[in-house]
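**Student:** Following this line is upload.txt, made up of compact mmCIF, C-alpha atoms and all ligand atoms:
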# COMPACT_ATOMS: atom_id res chain seq x y z
CA MET A 1 134.42 65.10 117.98
CA GLY A 2 137.64 66.55 116.52
CA ARG A 3 137.54 67.95 113.02
CA ARG A 4 141.13 67.30 111.96
CA ILE A 5 140.95 63.78 110.67
CA LEU A 6 143.18 61.53 108.58
CA PHE A 7 142.05 58.43 106.69
CA LEU A 8 144.65 55.70 106.36
CA GLY A 9 144.21 52.47 104.49
CA PRO A 10 145.46 50.35 101.62
CA PRO A 11 144.87 51.31 97.98
CA GLY A 12 141.20 50.58 97.33
CA GLY A 13 140.50 50.53 101.05
CA GLY A 14 137.76 53.13 100.60
CA LYS A 15 139.56 56.19 102.01
CA GLY A 16 138.27 58.49 99.30
CA THR A 17 134.68 57.22 99.60
CA GLN A 18 134.53 57.55 103.39
CA ALA A 19 136.46 60.84 103.46
CA LYS A 20 133.91 62.45 101.11
CA LEU A 21 130.99 61.32 103.30
CA LEU A 22 132.67 62.57 106.45
CA THR A 23 133.54 65.89 104.81
CA ASN A 24 129.86 66.46 104.03
CA ALA A 25 128.86 65.54 107.59
CA LEU A 26 131.44 67.80 109.27
CA GLY A 27 131.42 70.75 106.85
CA VAL A 28 135.20 70.76 106.44
CA PRO A 29 137.20 70.34 103.21
CA HIS A 30 138.24 66.97 101.82
CA ILE A 31 141.94 67.15 101.00
CA SER A 32 143.02 64.21 98.86
CA SER A 33 146.65 64.24 97.74
CA GLY A 34 145.87 61.68 95.02
CA GLU A 35 143.06 63.84 93.58
CA MET A 36 145.20 66.96 93.73
CA LEU A 37 147.99 65.18 91.85
CA ARG A 38 145.58 63.83 89.22
CA GLU A 39 144.23 67.38 88.74
CA ALA A 40 147.81 68.64 88.31
CA ILE A 41 148.41 65.98 85.65
CA ALA A 42 145.16 66.85 83.85
CA SER A 43 146.08 70.56 83.89
CA GLU A 44 149.59 69.74 82.61
CA THR A 45 151.30 71.78 85.33
CA GLU A 46 154.98 71.31 86.14
CA LEU A 47 153.98 69.39 89.29
CA GLY A 48 151.73 67.16 87.19
CA ARG A 49 154.50 66.43 84.70
CA LYS A 50 156.88 65.48 87.52
CA ALA A 51 154.28 63.40 89.41
CA SER A 52 152.93 61.39 86.49
CA GLU A 53 155.94 59.11 86.03
CA TYR A 54 155.79 58.00 89.68
CA MET A 55 152.01 57.58 89.79
CA ALA A 56 151.88 55.56 86.58
CA VAL A 57 153.94 52.78 88.19
CA GLY A 58 152.45 53.08 91.69
CA ASP A 59 155.46 54.69 93.39
CA LEU A 60 155.15 57.59 95.79
CA VAL A 61 155.69 61.05 94.34
CA PRO A 62 158.76 62.67 96.00
CA ASP A 63 158.03 64.06 99.45
CA ASP A 64 159.15 67.64 98.72
CA LEU A 65 156.57 68.01 95.93
CA VAL A 66 153.68 66.51 97.87
CA VAL A 67 154.46 68.25 101.17
CA ALA A 68 154.58 71.67 99.48
CA MET A 69 151.30 70.98 97.66
CA VAL A 70 149.37 69.89 100.78
CA LYS A 71 150.84 72.58 103.04
CA GLU A 72 149.67 75.24 100.58
CA ARG A 73 146.18 73.68 100.55
CA LEU A 74 145.96 73.50 104.35
CA ARG A 75 146.82 77.20 104.62
CA ARG A 76 143.61 78.23 102.83
CA ASP A 77 140.81 79.74 104.93
CA ASP A 78 138.37 76.88 104.46
CA ALA A 79 140.68 74.52 106.39
CA ALA A 80 140.84 76.78 109.46
CA CYS A 81 138.11 74.83 111.31
CA GLY A 82 139.28 71.41 110.28
CA TYR A 83 139.92 69.06 107.37
CA VAL A 84 139.65 65.45 106.30
CA LEU A 85 142.97 64.29 104.89
CA ASP A 86 143.01 61.34 102.48
CA GLY A 87 146.28 59.95 101.11
CA PHE A 88 148.57 62.36 102.97
CA PRO A 89 150.74 61.81 104.94
CA ARG A 90 151.87 58.62 103.28
CA ASN A 91 155.13 57.98 105.14
CA VAL A 92 156.77 59.03 108.38
CA ASP A 93 158.80 61.86 106.78
CA GLN A 94 155.59 63.42 105.41
CA ALA A 95 153.95 63.01 108.83
CA GLU A 96 156.87 64.78 110.51
CA ALA A 97 156.63 67.62 107.98
CA LEU A 98 152.90 67.95 108.66
CA THR A 99 153.37 67.90 112.43
CA THR A 100 155.98 70.67 112.17
CA ALA A 101 153.89 72.78 109.77
CA MET A 102 150.60 72.50 111.67
CA ASP A 103 151.96 72.83 115.20
CA SER A 104 148.90 72.65 117.49
CA HIS A 105 146.52 72.26 114.49
CA GLY A 106 147.74 68.79 113.56
CA ILE A 107 145.77 65.59 113.16
CA GLU A 108 143.50 64.73 116.08
CA THR A 109 142.17 61.37 114.90
CA THR A 110 143.43 58.82 112.39
CA ILE A 111 140.86 56.38 111.03
CA VAL A 112 142.48 53.18 109.73
CA LEU A 113 140.26 51.21 107.35
CA ASP A 114 141.03 47.50 107.61
CA VAL A 115 140.36 45.58 104.40
CA ASP A 116 142.26 42.58 103.07
CA GLU A 117 144.27 42.86 99.87
CA ALA A 118 142.10 40.50 97.81
CA GLN A 119 139.02 42.68 98.35
CA THR A 120 140.82 45.92 97.56
CA VAL A 121 142.30 44.48 94.36
CA ALA A 122 138.81 43.40 93.25
CA ARG A 123 137.46 46.92 93.98
CA LEU A 124 140.21 48.60 92.01
CA LEU A 125 139.87 46.26 89.04
CA ARG A 126 136.15 47.10 89.01
CA ARG A 127 137.01 50.81 89.06
CA ALA A 128 139.43 50.22 86.18
CA GLU A 129 136.51 48.97 84.09
CA LEU A 130 134.32 51.93 85.06
CA GLU A 131 136.78 54.83 85.12
CA GLY A 132 139.94 53.64 83.35
CA ARG A 133 142.33 55.13 85.92
CA ALA A 134 145.90 54.70 84.61
CA ASP A 135 147.27 53.11 87.81
CA ASP A 136 144.40 50.62 88.26
CA ASN A 137 145.98 47.62 86.51
CA GLU A 138 146.83 44.52 88.49
CA ALA A 139 150.65 44.84 88.47
CA THR A 140 150.52 48.47 89.59
CA ILE A 141 147.86 47.75 92.21
CA ARG A 142 150.07 44.99 93.72
CA HIS A 143 153.02 47.39 93.77
CA ARG A 144 150.89 50.10 95.46
CA HIS A 145 150.09 47.54 98.18
CA GLU A 146 153.80 46.81 98.71
CA VAL A 147 154.47 50.54 98.96
CA PHE A 148 151.58 50.84 101.44
CA ARG A 149 152.99 48.09 103.68
CA ARG A 150 156.52 49.47 103.59
CA GLU A 151 155.93 53.24 103.69
CA THR A 152 152.44 53.94 105.02
CA GLU A 153 151.65 51.24 107.60
CA PRO A 154 154.35 52.57 110.00
CA LEU A 155 152.10 55.64 110.41
CA ILE A 156 149.76 53.52 112.53
CA ALA A 157 152.50 53.36 115.18
CA TYR A 158 153.45 57.01 114.53
CA TYR A 159 149.92 58.23 115.37
CA GLY A 160 149.67 55.80 118.31
CA ASP A 161 146.75 56.59 120.60
CA ARG A 162 145.16 58.90 118.00
CA VAL A 163 144.38 55.81 115.85
CA ARG A 164 140.89 54.29 115.58
CA ARG A 165 140.65 51.06 113.59
CA VAL A 166 137.49 50.47 111.58
CA ASP A 167 136.39 47.33 109.74
CA GLY A 168 136.41 48.52 106.12
CA THR A 169 134.43 45.61 104.69
CA GLY A 170 130.73 45.60 103.78
CA SER A 171 128.57 48.35 102.33
CA VAL A 172 129.70 51.97 102.13
CA GLU A 173 126.84 52.94 104.47
CA ASP A 174 127.70 50.31 107.10
CA ILE A 175 131.35 51.36 107.08
CA PHE A 176 130.37 55.02 107.45
CA CYS A 177 128.24 54.15 110.51
CA ARG A 178 131.29 52.47 112.06
CA VAL A 179 133.44 55.53 111.30
CA ILE A 180 130.92 57.86 112.95
CA SER A 181 130.61 55.55 115.97
CA GLU A 182 134.39 55.50 116.41
CA LEU A 183 134.63 59.28 116.17
CA ALA A 184 131.81 59.71 118.68
CA SER A 185 133.24 57.26 121.21
P1 LIG B 201 145.50 57.78 95.86
O1 LIG B 201 144.63 58.58 94.97
O2 LIG B 201 145.57 58.15 97.29
O3 LIG B 201 145.14 56.28 95.61
P2 LIG B 201 145.15 54.96 96.52
O4 LIG B 201 145.76 55.05 97.87
O5 LIG B 201 145.70 53.92 95.65
O6 LIG B 201 143.69 54.85 96.91
P3 LIG B 201 142.46 54.85 95.94
O7 LIG B 201 141.93 56.21 95.69
O8 LIG B 201 142.85 54.09 94.73
O9 LIG B 201 141.43 54.00 96.76
P4 LIG B 201 140.35 54.31 97.83
O10 LIG B 201 140.88 53.79 99.11
O11 LIG B 201 139.82 55.68 97.82
O12 LIG B 201 147.01 57.81 95.31
C1 LIG B 201 147.32 57.51 93.95
C2 LIG B 201 148.81 57.73 93.70
O13 LIG B 201 149.12 59.13 93.93
C3 LIG B 201 149.77 56.98 94.64
O14 LIG B 201 150.03 55.67 94.17
C4 LIG B 201 151.02 57.89 94.58
O15 LIG B 201 151.75 57.68 93.38
C5 LIG B 201 150.42 59.29 94.52
N1 LIG B 201 150.27 59.90 95.86
C6 LIG B 201 149.09 60.24 96.46
N2 LIG B 201 149.33 60.77 97.67
C7 LIG B 201 150.67 60.79 97.84
C8 LIG B 201 151.53 61.20 98.90
N3 LIG B 201 151.05 61.70 100.05
N4 LIG B 201 152.87 61.06 98.73
C9 LIG B 201 153.40 60.56 97.59
N5 LIG B 201 152.64 60.14 96.55
C10 LIG B 201 151.28 60.25 96.67
O16 LIG B 201 139.22 53.26 97.27
C11 LIG B 201 138.32 53.64 96.30
C12 LIG B 201 137.73 52.46 95.48
O17 LIG B 201 137.07 51.47 96.26
C13 LIG B 201 136.65 53.06 94.59
O18 LIG B 201 136.62 52.38 93.37
C14 LIG B 201 135.35 52.83 95.39
O19 LIG B 201 134.19 52.84 94.58
C15 LIG B 201 135.64 51.48 95.98
N6 LIG B 201 134.94 51.28 97.26
C16 LIG B 201 135.01 52.09 98.34
N7 LIG B 201 134.29 51.59 99.36
C17 LIG B 201 133.76 50.41 98.89
C18 LIG B 201 132.93 49.40 99.50
N8 LIG B 201 132.51 49.49 100.76
N9 LIG B 201 132.60 48.33 98.76
C19 LIG B 201 133.03 48.23 97.48
N10 LIG B 201 133.81 49.14 96.85
C20 LIG B 201 134.17 50.22 97.56
Using the file provided, produce a representation of the structure as structure tokens.
Ligand code: B4P

**Tutor:**
Amino acid sequence: MGRRILFLGPPGGGKGTQAKLLTNALGVPHISSGEMLREAIASETELGRKASEYMAVGDLVPDDLVVAMVKERLRRDDAACGYVLDGFPRNVDQAEALTTAMDSHGIETTIVLDVDEAQTVARLLRRAELEGRADDNEATIRHRHEVFRRETEPLIAYYGDRVRRVDGTGSVEDIFCRVISELAS
């Protein structure tokens, strides 16, 4: 089983949840662009100040900022034996930048979590009640889905035969079993 894995899926599709479980199972770092950007906002860095206006309305943060951030993270020693990427790349330009930067250490497998929009919206509205994340309001969630369809879905064709589709509905545990089965097959 390869250890350079990307999770793709709609907002609320469960990428973060499944990526964390897989990270623990494989012993490689979980690299979430969304989490890194939220940390930058919380620490009030220059990157955080620039990113916050885009994230608040559900738009993508400009590619140059995100690509530099993730490339720096991937260069650290703990990612030498693999990584689980979550939220990056998010469009074809970011994917091209990653392919160029990683050369032969690029993504081996892309797991696409299939979940319909109604379910993901319900999940994110529940999270809004529990965690109060700024971009988890219905208008922004709908916009994040539009951005996903326009910008991120084309990555399924980009990664072609490296893609494994997984039914992302049901319990977290059931979905994780499907992910592991796909990676083992
Ligand atoms: P992300 O943090 O990546 O947010 P997201 O795609 O909207 O996914 P999210 O974390 O919400 O959902 P997940 O699938 O993990 O990005 C946020 C913003 O950062 C973007 O809008 C953009 O502005 C910016 N950004 C990030 N990366 C970028 C990039 N590469 N380029 C440019 N901008 C970028 O789902 C988690 C939720 O579902 C949780 O509440 C969880 O508890 C729940 N859940 C999971 N599995 C479940 C299950 N089986 N049943 C029920 N609930 C479940």

**Student:** Output as a tab-separated table one row per residue of stretch 15-41 of chain A within 12 Å of stretch 52-70 of chain A: the closest atom pair and its distance in Å to one decimal place, counting only C-alpha atoms, sorted by chain and residue number ascending.

**Tutor:**
residue	atom	partner	partner_atom	distance
A:His30	CA	A:Val70	CA	11.6
A:Ile31	CA	A:Val70	CA	7.9
A:Ser32	CA	A:Val70	CA	8.7
A:Ser33	CA	A:Val70	CA	7.0
A:Gly34	CA	A:Met55	CA	9.0
A:Glu35	CA	A:Val70	CA	11.3
A:Met36	CA	A:Met69	CA	8.3
A:Leu37	CA	A:Ser52	CA	8.2
A:Arg38	CA	A:Ser52	CA	8.2
A:Glu39	CA	A:Ser52	CA	10.8
A:Ala40	CA	A:Ser52	CA	9.1
A:Ile41	CA	A:Ser52	CA	6.5

**Student:** Neighbours of stretch 6-8 of chain A within 9 Å (only C-alpha atoms; same-chain residues fewer than 5 positions away dropped), as a PDB file with C-alpha atoms, in the frame of the given file?

**Tutor:**
ATOM      1  CA  GLY A  13     140.500  50.530 101.050  1.00  0.00           C
ATOM      2  CA  LYS A  15     139.560  56.190 102.010  1.00  0.00           C
ATOM      3  CA  GLY A  16     138.270  58.490  99.300  1.00  0.00           C
ATOM      4  CA  GLN A  18     134.530  57.550 103.390  1.00  0.00           C
ATOM      5  CA  ALA A  19     136.460  60.840 103.460  1.00  0.00           C
ATOM      6  CA  TYR A  83     139.920  69.060 107.370  1.00  0.00           C
ATOM      7  CA  VAL A  84     139.650  65.450 106.300  1.00  0.00           C
ATOM      8  CA  LEU A  85     142.970  64.290 104.890  1.00  0.00           C
ATOM      9  CA  ASP A  86     143.010  61.340 102.480  1.00  0.00           C
ATOM     10  CA  GLY A  87     146.280  59.950 101.110  1.00  0.00           C
ATOM     11  CA  PHE A  88     148.570  62.360 102.970  1.00  0.00           C
ATOM     12  CA  PRO A  89     150.740  61.810 104.940  1.00  0.00           C
ATOM     13  CA  ARG A  90     151.870  58.620 103.280  1.00  0.00           C
ATOM     14  CA  ILE A 107     145.770  65.590 113.160  1.00  0.00           C
ATOM     15  CA  GLU A 108     143.500  64.730 116.080  1.00  0.00           C
ATOM     16  CA  THR A 109     142.170  61.370 114.900  1.00  0.00           C
ATOM     17  CA  THR A 110     143.430  58.820 112.390  1.00  0.00           C
ATOM     18  CA  ILE A 111     140.860  56.380 111.030  1.00  0.00           C
ATOM     19  CA  VAL A 112     142.480  53.180 109.730  1.00  0.00           C
ATOM     20  CA  LEU A 113     140.260  51.210 107.350  1.00  0.00           C
ATOM     21  CA  THR A 152     152.440  53.940 105.020  1.00  0.00           C
ATOM     22  CA  GLU A 153     151.650  51.240 107.600  1.00  0.00           C
ATOM     23  CA  LEU A 155     152.100  55.640 110.410  1.00  0.00           C
ATOM     24  CA  ILE A 156     149.760  53.520 112.530  1.00  0.00           C
TER      25      ILE A 156
END

**Student:** Using only C-alpha atoms, which of A:Glu44, A:Gln119, A:Glu72, A:Arg3 sits nearest A:Asn24?

**Tutor:** A:Arg3

**Student:** From the set A:Glu46, A:Asp78, A:Glu173, A:Glu151, which residue has the shortest atom-to-atom contact distance to A:Gly27, counting only C-alpha atoms?

**Tutor:** A:Asp78

**Student:** Just the number, please: distance in Å from atom O19 of ligand LIG 201 (chain B) to atom CA of A:Ile141, one decimal.

**Tutor:** 14.8 Å

**Student:** Give the answer as one residue: which of A:Ala95, A:Leu26, A:Leu183, A:Ala101 has the shortest atom-to-atom distance to ligand LIG 201 (chain B), using all atoms listed in the file?

**Tutor:**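 With all atoms listed in the file as the atom set, the closest residue is A:Ala95.
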
**Student:** May I ask for the distance between atom CA of A:Arg178 and atom P4 of ligand LIG 201 (chain B), given in Å to one decimal place?

**Tutor:** 17.0 Å

**Student:** Quick one: distance from atom CA of A:Phe176 to atom O12 of ligand LIG 201 (chain B) in Å, one decimal?

**Tutor:**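 Atom O12 of ligand LIG 201 (chain B) lies 20.8 Å from atom CA of A:Phe176.
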
**Student:** Keeping just C-alpha atoms, export stretch 90-139 of chain A of this structure as a compact mmCIF listing (two decimals), in the first residue's frame.

**Tutor:**
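And here's selection_32.txt as it stands now:
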# COMPACT_ATOMS: atom_id res chain seq x y z
CA ARG A 90 -7.73 21.95 -4.55
CA ASN A 91 -7.51 22.80 -8.26
CA VAL A 92 -5.50 21.71 -11.27
CA ASP A 93 -2.93 24.52 -10.96
CA GLN A 94 -2.15 23.44 -7.38
CA ALA A 95 -1.90 19.82 -8.53
CA GLU A 96 0.56 20.80 -11.27
CA ALA A 97 2.64 22.72 -8.72
CA LEU A 98 2.69 19.70 -6.42
CA THR A 99 3.61 17.30 -9.22
CA THR A 100 6.53 19.56 -10.21
CA ALA A 101 7.72 20.05 -6.62
CA MET A 102 7.52 16.39 -5.57
CA ASP A 103 8.87 14.83 -8.76
CA SER A 104 8.88 11.05 -8.10
CA HIS A 105 7.49 11.53 -4.55
CA GLY A 106 4.07 12.70 -5.71
CA ILE A 107 0.66 11.33 -4.85
CA GLU A 108 0.27 7.58 -5.34
CA THR A 109 -3.41 7.19 -4.48
CA THR A 110 -6.33 9.62 -4.40
CA ILE A 111 -9.32 8.58 -2.30
CA VAL A 112 -12.51 10.32 -3.43
CA LEU A 113 -15.26 10.31 -0.79
CA ASP A 114 -18.67 10.30 -2.45
CA VAL A 115 -21.38 11.96 -0.37
CA ASP A 116 -24.37 13.93 -1.63
CA GLU A 117 -24.64 17.64 -0.91
CA ALA A 118 -27.68 17.40 1.38
CA GLN A 119 -25.81 15.10 3.79
CA THR A 120 -22.68 17.22 3.84
CA VAL A 121 -24.67 20.40 4.50
CA ALA A 122 -26.40 18.69 7.44
CA ARG A 123 -23.00 17.58 8.83
CA LEU A 124 -21.52 21.05 8.57
CA LEU A 125 -24.55 22.73 10.16
CA ARG A 126 -24.19 20.26 13.05
CA ARG A 127 -20.51 21.18 13.34
CA ALA A 128 -21.48 24.86 13.34
CA GLU A 129 -23.55 24.22 16.47
CA LEU A 130 -20.73 22.31 18.16
CA GLU A 131 -17.63 24.24 17.10
CA GLY A 132 -18.83 27.57 15.69
CA ARG A 133 -16.48 27.52 12.69
CA ALA A 134 -16.79 30.87 10.88
CA ASP A 135 -17.36 29.36 7.42
CA ASP A 136 -20.00 26.83 8.53
CA ASN A 137 -23.12 28.89 7.78
CA GLU A 138 -25.52 27.74 5.10
CA ALA A 139 -24.76 30.42 2.46
